[in-house]
Amino acid sequence: MIDIRDVVIQYGRGERAVLAVDDISLHVEPGASLALIGPSGCGKTTLLFAVAGLIHPCEGEIEIGGESVTGPRSEIALILQNAGLLPWKTVWQNANLSLSLGKEYPAKTAASVLEELGLAGVKPRFPTELSEGMKRRVGIARALSMSPSVMLMDEPLASLDTLTKERIQDLFLQLWLQRRFAQVLVTHDIEEAAFLGQRIAVLTERPARVKAVVENPGVGDLSYRETEAFVGIVARLREALEEEQG
Amino acid sequence: MNRMRRVGRAVREGPVIWHVARYVAAIAILLLAWWVASEIVEAVKGRAFLPNPIRAISEMTRLGPTLFRNFWTSAWRLVMAMLIAFGLGYPLGLLIGHERKLDQLISPMIYIIYPIPQVAFILILFLIFGLGNAVKVAIVATALFFQILVSARGAARQIELEHITSVLAAGASRWQVYWHVVLPATLPSILTSLRVSVGLGMAFLYIAETTGAFDPRRGGLGSFIDSNIYAGAQAFAGIMAMALLGLSLYILIEVLERVVCRWKHVSRRGS
């Protein structure tokens, strides 16, 4: 489904050039989930934006469904940090953004998604009137309204309190299990990566390279957090990150 | 929790009646201060150089139709100039603020011209537009154009990258980025700039209406005040009409801002 092959991404030119991603190859099967974890500023968001078609790699190639990614596509949804909501648009307008831009998305409408996420009552509200947790849900609704086959998430739960974060992680898991989109999650939260990523790629400090790939077959159960397998995965990830950060 | 409530209350707007009451109170205080000042000037100088507000208001009533005609002439000129400056300065400012290459090309020229006092262009504008209404509108529009242009450029450069990324990822074209992000994100700053430009516009309108002594179509409040400059109470009737014009425009822009930037006026969640 998602094929990232020998991707190199560099910002700037000449002496000021900064290498952000260095020769990364990863693969995500349809309906599978990959988490990218690494130190802050290592280049994981850059790689995600390249998969979303917002940045073009200098070398290598990214394919989704066998087609090279040359720009944003209707089947790829991206959830940003802080949900990326537009403050001047209501909840309804934000959730319906992709559809209002006139692209041909599948018929699943924002209205039914808002209903499903328990946001139907706040449709006329503006984002500033919502709690942080609700804002993130609106961000999810916007992504789901596109009925994507690929869901990309850039630290979608950063700066949330623990309980709200866990509730939304549960929601992510349920939505993924129901809809089975291919999912790539960028996070610096070890437990989040262990709860949502079937495979977890640990990236190095900038420039990002794949340091290790941890298989996490237990993902898919809401009670996974309480298992020994989960604790074991968290410990392995922590060890890999601590090695990386010295 | 109590703190959150306080934060919520602090940012919530009061009802319109309070807004009106504040303006009424401000007018009352200013009239009182004016009356006290005129009494002091008369006591010190022995003559009423500064007419008191009651005399000025009674002059306003007496000169009603003349003053009203001049008020509309000035209002029309100022509003036209603001519309022209806004219509040209806003889109250009957004373009150069948002398009890096255009900014590099045009901004140096603007920053060379911007600090030149626009009064210096008056003669040239008279030569280009001749006498009449057009030159007066052009003088005010030239002054406001740079103000709005520079504000729009600054506002466009402050847009959060996350908002642009968000619509680009949703498949927006370049013009859809302008429509869905650049335009709404910059509107509050531009309306603030427009509010500031009312004062600047009034000053330039006065200059425009009092320049060109042989202009057959002088008219306007500036010309009215200038012609009655030695007839204290009449001149102050004109000054009050000018203040009324400024206040009306402030209120108009405020109402406009509440309509087009409704999201700025909703109560914020405390957490």
# chains A, B, ... in the order shown; residues from 1 in each chain; ligands from 1

$ interface_residues --of "chain B" --to "chain A" --cutoff "12 Å" --atoms "only C-alpha atoms" --output "PyMOL selection string"
chain B and resi 8+11-12+159-177+179-188+259-271

$ write_last_selection --atoms "C-alpha atoms" --output "JSON list (two decimals), in the first residue's frame"
[["chain", "number", "residue", "atom", "x", "y", "z"],
["B", 8, "GLY", "CA", -14.03, 33.05, 30.24],
["B", 11, "VAL", "CA", -12.80, 37.63, 27.03],
["B", 12, "ARG", "CA", -16.57, 37.59, 26.59],
["B", 159, "ILE", "CA", -0.27, 33.31, 9.24],
["B", 160, "GLU", "CA", 0.34, 30.04, 11.06],
["B", 161, "LEU", "CA", 1.95, 27.49, 8.78],
["B", 162, "GLU", "CA", -0.27, 24.80, 10.31],
["B", 163, "HIS", "CA", -3.36, 26.43, 8.81],
["B", 164, "ILE", "CA", -1.85, 26.48, 5.35],
["B", 165, "THR", "CA", -0.58, 22.90, 5.65],
["B", 166, "SER", "CA", -4.02, 21.88, 6.78],
["B", 167, "VAL", "CA", -5.80, 23.10, 3.62],
["B", 168, "LEU", "CA", -2.99, 22.02, 1.31],
["B", 169, "ALA", "CA", -3.24, 18.50, 2.70],
["B", 170, "ALA", "CA", -6.98, 18.63, 2.03],
["B", 171, "GLY", "CA", -6.17, 19.28, -1.63],
["B", 172, "ALA", "CA", -6.56, 23.08, -1.84],
["B", 173, "SER", "CA", -5.34, 24.92, -4.93],
["B", 174, "ARG", "CA", -3.27, 28.10, -4.59],
["B", 175, "TRP", "CA", -6.38, 30.33, -4.82],
["B", 176, "GLN", "CA", -8.28, 28.16, -2.38],
["B", 177, "VAL", "CA", -5.42, 28.73, 0.11],
["B", 179, "TRP", "CA", -9.81, 32.12, 0.07],
["B", 180, "HIS", "CA", -9.87, 29.66, 2.97],
["B", 181, "VAL", "CA", -6.79, 30.81, 4.94],
["B", 182, "VAL", "CA", -4.98, 33.98, 3.87],
["B", 183, "LEU", "CA", -8.08, 36.16, 3.54],
["B", 184, "PRO", "CA", -9.91, 35.18, 6.77],
["B", 185, "ALA", "CA", -6.69, 34.97, 8.82],
["B", 186, "THR", "CA", -5.72, 38.54, 7.93],
["B", 187, "LEU", "CA", -9.15, 40.19, 8.14],
["B", 188, "PRO", "CA", -9.00, 41.10, 11.86],
["B", 259, "VAL", "CA", -20.05, 40.31, 11.22],
["B", 260, "VAL", "CA", -17.07, 39.10, 9.16],
["B", 261, "CYS", "CA", -14.87, 38.07, 12.11],
["B", 262, "ARG", "CA", -17.60, 36.50, 14.22],
["B", 263, "TRP", "CA", -15.16, 33.84, 15.40],
["B", 264, "LYS", "CA", -13.14, 36.52, 17.21],
["B", 265, "HIS", "CA", -16.09, 37.47, 19.37],
["B", 266, "VAL", "CA", -17.25, 34.11, 20.67],
["B", 267, "SER", "CA", -16.50, 33.20, 24.27],
["B", 268, "ARG", "CA", -13.31, 31.22, 24.66],
["B", 269, "ARG", "CA", -13.11, 27.94, 26.47],
["B", 270, "GLY", "CA", -11.01, 28.42, 29.63],
["B", 271, "SER", "CA", -8.92, 25.25, 29.17]]

$ select_by_dssp --residues "region 30-257 of chain B" --states "alpha helix (DSSP H)" --output "PyMOL selection string"
chain B and resi 30-45+53-62+64-98+100-113+122-129+133-157+161-169+174-177+183-210+220-227+232-257

$ closest_atom_pairs --of "region 119-205 of chain A" --to "region 221-226 of chain A" --cutoff "9 Å" --atoms "only C-alpha atoms" --output "JSON lines"
{"residue": "A:Asp170", "atom": "CA", "partner": "A:Leu222", "partner_atom": "CA", "distance": 6.3}
{"residue": "A:Leu173", "atom": "CA", "partner": "A:Leu222", "partner_atom": "CA", "distance": 7.6}
{"residue": "A:Gln174", "atom": "CA", "partner": "A:Leu222", "partner_atom": "CA", "distance": 8.3}
{"residue": "A:Glu191", "atom": "CA", "partner": "A:Arg225", "partner_atom": "CA", "distance": 8.4}
{"residue": "A:Ala194", "atom": "CA", "partner": "A:Arg225", "partner_atom": "CA", "distance": 8.6}
{"residue": "A:Phe195", "atom": "CA", "partner": "A:Arg225", "partner_atom": "CA", "distance": 6.8}

$ write_last_selection --atoms "N, CA and C atoms" --output "compact mmCIF listing (two decimals), in the first residue's frame"
# COMPACT_ATOMS: atom_id res chain seq x y z
N ASP A 170 -7.86 5.33 22.26
CA ASP A 170 -8.85 4.24 22.13
C ASP A 170 -9.72 4.46 20.90
N LEU A 173 -7.90 3.64 17.76
CA LEU A 173 -7.80 2.19 17.58
C LEU A 173 -9.12 1.63 17.03
N GLN A 174 -10.24 2.09 17.63
CA GLN A 174 -11.54 1.59 17.19
C GLN A 174 -11.80 1.96 15.73
N GLU A 191 4.43 5.19 24.65
CA GLU A 191 3.25 4.37 24.92
C GLU A 191 2.24 4.47 23.78
N ALA A 194 3.43 2.28 21.05
CA ALA A 194 3.24 0.87 21.40
C ALA A 194 1.76 0.47 21.34
N PHE A 195 0.85 1.42 21.60
CA PHE A 195 -0.58 1.11 21.62
C PHE A 195 -1.17 1.08 20.20

$ residues_around --residues "region 39-48 of chain A" --least-positions-apart "6" --cutoff "9 Å" --atoms "only C-alpha atoms" --output "JSON list (two decimals) with N, CA and C atoms, in the first residue's frame"
[["chain", "number", "residue", "atom", "x", "y", "z"],
["A", 7, "VAL", "N", 14.36, 6.98, 0.43],
["A", 7, "VAL", "CA", 13.99, 8.40, 0.40],
["A", 7, "VAL", "C", 15.03, 9.28, 1.13],
["A", 9, "ILE", "N", 15.58, 13.43, 1.95],
["A", 9, "ILE", "CA", 14.96, 14.77, 1.89],
["A", 9, "ILE", "C", 15.92, 15.78, 2.48],
["A", 19, "LEU", "N", 20.21, 18.15, 5.77],
["A", 19, "LEU", "CA", 19.69, 16.82, 5.44],
["A", 19, "LEU", "C", 18.71, 16.43, 6.54],
["A", 20, "ALA", "N", 17.44, 16.22, 6.18],
["A", 20, "ALA", "CA", 16.43, 15.91, 7.18],
["A", 20, "ALA", "C", 16.15, 14.41, 7.25],
["A", 21, "VAL", "N", 16.11, 13.77, 6.09],
["A", 21, "VAL", "CA", 15.82, 12.33, 6.04],
["A", 21, "VAL", "C", 16.88, 11.69, 5.16],
["A", 24, "ILE", "N", 15.71, 6.40, 3.80],
["A", 24, "ILE", "CA", 14.74, 5.59, 4.56],
["A", 24, "ILE", "C", 13.90, 4.75, 3.60],
["A", 54, "LEU", "N", 3.15, 16.63, 0.42],
["A", 54, "LEU", "CA", 3.37, 18.07, 0.65],
["A", 54, "LEU", "C", 4.82, 18.47, 0.45],
["A", 55, "ILE", "N", 5.73, 17.48, 0.51],
["A", 55, "ILE", "CA", 7.15, 17.73, 0.31],
["A", 55, "ILE", "C", 7.64, 16.69, -0.69],
["A", 57, "PRO", "N", 10.66, 14.37, -2.12],
["A", 57, "PRO", "CA", 11.99, 13.86, -1.78],
["A", 57, "PRO", "C", 13.01, 14.26, -2.85],
["A", 78, "LEU", "N", -4.58, 13.60, 6.40],
["A", 78, "LEU", "CA", -3.49, 13.98, 7.31],
["A", 78, "LEU", "C", -4.08, 14.68, 8.53],
["A", 152, "LEU", "N", -2.65, 9.51, 7.85],
["A", 152, "LEU", "CA", -1.35, 9.95, 8.34],
["A", 152, "LEU", "C", -1.59, 10.86, 9.54],
["A", 153, "MET", "N", -0.82, 10.65, 10.60],
["A", 153, "MET", "CA", -1.05, 11.44, 11.81],
["A", 153, "MET", "C", 0.27, 11.98, 12.34],
["A", 154, "ASP", "N", 0.33, 13.30, 12.50],
["A", 154, "ASP", "CA", 1.56, 13.93, 12.98],
["A", 154, "ASP", "C", 1.36, 14.37, 14.44],
["A", 155, "GLU", "N", 1.85, 13.58, 15.34],
["A", 155, "GLU", "CA", 1.71, 13.83, 16.78],
["A", 155, "GLU", "C", 0.31, 14.37, 17.10],
["A", 184, "VAL", "N", -0.14, 5.66, 9.30],
["A", 184, "VAL", "CA", 1.23, 6.00, 9.73],
["A", 184, "VAL", "C", 1.11, 7.07, 10.82],
["A", 185, "LEU", "N", 1.63, 6.74, 11.98],
["A", 185, "LEU", "CA", 1.55, 7.66, 13.12],
["A", 185, "LEU", "C", 2.94, 8.15, 13.48],
["A", 186, "VAL", "N", 3.11, 9.47, 13.49],
["A", 186, "VAL", "CA", 4.38, 10.05, 13.97],
["A", 186, "VAL", "C", 4.16, 10.49, 15.41],
["A", 187, "THR", "N", 5.02, 10.07, 16.29],
["A", 187, "THR", "CA", 4.85, 10.45, 17.70],
["A", 187, "THR", "C", 6.19, 10.45, 18.42],
["A", 188, "HIS", "N", 6.26, 11.17, 19.53],
["A", 188, "HIS", "CA", 7.43, 11.01, 20.38],
["A", 188, "HIS", "C", 7.02, 10.36, 21.71],
["A", 203, "LEU", "N", 13.55, 6.01, 14.82],
["A", 203, "LEU", "CA", 14.42, 6.81, 13.95],
["A", 203, "LEU", "C", 15.56, 7.43, 14.76],
["A", 204, "THR", "N", 16.64, 7.71, 14.04],
["A", 204, "THR", "CA", 17.81, 8.31, 14.69],
["A", 204, "THR", "C", 17.63, 9.82, 14.81],
["A", 205, "GLU", "N", 18.59, 10.47, 15.49],
["A", 205, "GLU", "CA", 18.64, 11.94, 15.50],
["A", 205, "GLU", "C", 18.79, 12.41, 14.06],
["A", 206, "ARG", "N", 18.53, 13.69, 13.79],
["A", 206, "ARG", "CA", 18.64, 14.22, 12.43],
["A", 206, "ARG", "C", 20.04, 14.00, 11.86],
["A", 207, "PRO", "N", 20.16, 13.60, 10.62],
["A", 207, "PRO", "CA", 19.09, 13.22, 9.71],
["A", 207, "PRO", "C", 18.48, 11.87, 10.08],
["A", 208, "ALA", "N", 17.15, 11.78, 9.87],
["A", 208, "ALA", "CA", 16.45, 10.57, 10.29],
["A", 208, "ALA", "C", 16.87, 9.38, 9.44],
["A", 209, "ARG", "N", 17.26, 8.32, 10.13],
["A", 209, "ARG", "CA", 17.49, 7.01, 9.51],
["A", 209, "ARG", "C", 16.74, 6.00, 10.36],
["A", 241, "LEU", "N", 15.52, 4.28, 22.18],
["A", 241, "LEU", "CA", 15.58, 5.75, 22.16],
["A", 241, "LEU", "C", 16.68, 6.28, 23.07],
["A", 244, "GLU", "N", 19.88, 6.03, 21.43],
["A", 244, "GLU", "CA", 20.00, 7.04, 20.38],
["A", 244, "GLU", "C", 20.36, 8.42, 20.96],
["A", 245, "GLN", "N", 19.73, 8.72, 22.08],
["A", 245, "GLN", "CA", 19.93, 10.05, 22.66],
["A", 245, "GLN", "C", 21.11, 10.09, 23.61]]

$ atom_distance --atom1 "CA of Ser33 (chain A)" --atom2 "CA of Val214 (chain A)"
12.3 Å

$ closest_residue --among "A:Met134, A:Ala141, A:Ile190, A:Leu237" --to "Leu114 (chain A)" --atoms "only C-alpha atoms"
A:Ala141

$ residues_around --residues "Gly222 (chain B)" --least-positions-apart "5" --cutoff "7 Å" --atoms "only C-alpha atoms" --output "MDAnalysis selection string"
chainID B and resid 206 209:210

$ select_by_dssp --residues "region 27-202 of chain A" --states "strand (DSSP E or B)" --output "PyMOL selection string"
chain A and resi 27-28+33-37+59-64+67-68+76-79+150-154+182-187+199-202

$ write_last_selection --atoms "C-alpha atoms" --output "PDB file, in the first residue's frame"
ATOM      1  CA  HIS A  27       6.537  -0.484   3.725  1.00  0.00           C
ATOM      2  CA  VAL A  28       2.979  -0.452   5.079  1.00  0.00           C
ATOM      3  CA  SER A  33      -0.370   0.414  11.079  1.00  0.00           C
ATOM      4  CA  LEU A  34       3.131   1.841  11.344  1.00  0.00           C
ATOM      5  CA  ALA A  35       4.379   4.179  14.061  1.00  0.00           C
ATOM      6  CA  LEU A  36       7.438   6.361  13.589  1.00  0.00           C
ATOM      7  CA  ILE A  37       9.129   7.330  16.813  1.00  0.00           C
ATOM      8  CA  GLU A  59      16.050  11.091  -3.955  1.00  0.00           C
ATOM      9  CA  GLY A  60      14.066   7.879  -3.776  1.00  0.00           C
ATOM     10  CA  GLU A  61      10.368   7.386  -4.291  1.00  0.00           C
ATOM     11  CA  ILE A  62       7.126   7.137  -2.350  1.00  0.00           C
ATOM     12  CA  GLU A  63       4.267   5.131  -3.817  1.00  0.00           C
ATOM     13  CA  ILE A  64       0.754   4.685  -2.510  1.00  0.00           C
ATOM     14  CA  GLU A  67       1.169   5.178  -7.871  1.00  0.00           C
ATOM     15  CA  SER A  68       3.953   7.620  -7.207  1.00  0.00           C
ATOM     16  CA  ILE A  76      -4.745  10.328   1.873  1.00  0.00           C
ATOM     17  CA  ALA A  77      -5.884  12.085   5.062  1.00  0.00           C
ATOM     18  CA  LEU A  78      -3.492  13.980   7.307  1.00  0.00           C
ATOM     19  CA  ILE A  79      -4.176  14.843  10.936  1.00  0.00           C
ATOM     20  CA  VAL A 150      -4.395   6.053   4.124  1.00  0.00           C
ATOM     21  CA  MET A 151      -4.429   7.918   7.439  1.00  0.00           C
ATOM     22  CA  LEU A 152      -1.349   9.950   8.340  1.00  0.00           C
ATOM     23  CA  MET A 153      -1.050  11.444  11.814  1.00  0.00           C
ATOM     24  CA  ASP A 154       1.556  13.934  12.982  1.00  0.00           C
ATOM     25  CA  ALA A 182      -3.327   1.991   6.290  1.00  0.00           C
ATOM     26  CA  GLN A 183      -2.043   4.175   9.077  1.00  0.00           C
ATOM     27  CA  VAL A 184       1.228   5.999   9.732  1.00  0.00           C
ATOM     28  CA  LEU A 185       1.547   7.659  13.122  1.00  0.00           C
ATOM     29  CA  VAL A 186       4.375  10.046  13.968  1.00  0.00           C
ATOM     30  CA  THR A 187       4.846  10.449  17.698  1.00  0.00           C
ATOM     31  CA  ARG A 199       5.247  -2.041  13.549  1.00  0.00           C
ATOM     32  CA  ILE A 200       7.278   0.689  15.152  1.00  0.00           C
ATOM     33  CA  ALA A 201      10.216   2.262  13.347  1.00  0.00           C
ATOM     34  CA  VAL A 202      12.661   3.950  15.718  1.00  0.00           C
TER      35      VAL A 202
END

$ closest_residue --among "A:Glu228, A:Asp6, A:Asp161, A:Glu242" --to "Asp22 (chain A)" --atoms "only C-alpha atoms"
A:Asp6

$ atom_distance --atom1 "CA of Thr227 (chain A)" --atom2 "CA of Glu192 (chain A)"
14.5 Å

$ closest_residue --among "A:Gly118, A:Gly12, A:Gly65, A:Gly133" --to "Ala158 (chain A)" --atoms "only C-alpha atoms"
A:Gly133

$ residues_around --residues "region 119-122 of chain A" --least-positions-apart "6" --cutoff "8 Å" --atoms "only C-alpha atoms" --output "VMD selection string"
chain A and resid 91 111 134 137 to 138

$ write_last_selection --atoms "N, CA and C atoms" --output "compact mmCIF listing (two decimals), in the first residue's frame"
# COMPACT_ATOMS: atom_id res chain seq x y z
N VAL A 91 -17.20 24.22 13.44
CA VAL A 91 -16.90 22.79 13.50
C VAL A 91 -17.35 22.11 12.20
N ALA A 111 -21.26 15.06 7.96
CA ALA A 111 -22.36 15.05 8.93
C ALA A 111 -22.42 13.72 9.68
N MET A 134 -12.07 17.93 22.29
CA MET A 134 -13.08 18.05 21.22
C MET A 134 -12.44 18.54 19.92
N ARG A 137 -11.00 15.75 18.16
CA ARG A 137 -12.04 14.93 17.53
C ARG A 137 -12.51 15.56 16.23
N VAL A 138 -12.60 16.89 16.20
CA VAL A 138 -13.01 17.55 14.95
C VAL A 138 -11.95 17.30 13.87

$ decode --residues "region 92-124 of chain B" --atoms "C-alpha atoms" --output "PDB file, in the first residue's frame"
ATOM      1  CA  LEU B  92      -1.473  43.566  -3.097  1.00  0.00           C
ATOM      2  CA  GLY B  93      -0.362  43.374   0.536  1.00  0.00           C
ATOM      3  CA  LEU B  94      -1.626  39.799   0.823  1.00  0.00           C
ATOM      4  CA  LEU B  95       0.139  38.793  -2.382  1.00  0.00           C
ATOM      5  CA  ILE B  96       3.510  40.196  -1.390  1.00  0.00           C
ATOM      6  CA  GLY B  97       3.125  38.920   2.163  1.00  0.00           C
ATOM      7  CA  HIS B  98       2.334  35.402   1.019  1.00  0.00           C
ATOM      8  CA  GLU B  99       4.411  35.015  -2.157  1.00  0.00           C
ATOM      9  CA  ARG B 100       8.086  35.113  -1.171  1.00  0.00           C
ATOM     10  CA  LYS B 101       9.453  35.992  -4.636  1.00  0.00           C
ATOM     11  CA  LEU B 102       6.969  38.817  -5.166  1.00  0.00           C
ATOM     12  CA  ASP B 103       7.866  40.127  -1.717  1.00  0.00           C
ATOM     13  CA  GLN B 104      11.560  40.221  -2.565  1.00  0.00           C
ATOM     14  CA  LEU B 105      10.750  42.145  -5.741  1.00  0.00           C
ATOM     15  CA  ILE B 106       8.172  44.670  -4.529  1.00  0.00           C
ATOM     16  CA  SER B 107       8.804  45.235  -0.801  1.00  0.00           C
ATOM     17  CA  PRO B 108      12.050  47.215  -1.212  1.00  0.00           C
ATOM     18  CA  MET B 109      10.205  49.692  -3.473  1.00  0.00           C
ATOM     19  CA  ILE B 110       7.369  50.043  -0.985  1.00  0.00           C
ATOM     20  CA  TYR B 111       9.698  50.589   1.954  1.00  0.00           C
ATOM     21  CA  ILE B 112      11.498  53.321   0.028  1.00  0.00           C
ATOM     22  CA  ILE B 113       8.248  55.147  -0.777  1.00  0.00           C
ATOM     23  CA  TYR B 114       6.381  54.463   2.517  1.00  0.00           C
ATOM     24  CA  PRO B 115       8.436  56.759   4.799  1.00  0.00           C
ATOM     25  CA  ILE B 116       8.092  59.741   2.417  1.00  0.00           C
ATOM     26  CA  PRO B 117       5.370  62.006   3.874  1.00  0.00           C
ATOM     27  CA  GLN B 118       2.451  61.585   1.494  1.00  0.00           C
ATOM     28  CA  VAL B 119       1.782  65.327   1.790  1.00  0.00           C
ATOM     29  CA  ALA B 120       4.788  65.686  -0.527  1.00  0.00           C
ATOM     30  CA  PHE B 121       2.762  64.065  -3.319  1.00  0.00           C
ATOM     31  CA  ILE B 122      -0.123  66.557  -3.088  1.00  0.00           C
ATOM     32  CA  LEU B 123       1.185  68.894  -5.771  1.00  0.00           C
ATOM     33  CA  ILE B 124       1.754  66.002  -8.164  1.00  0.00           C
TER      34      ILE B 124
END
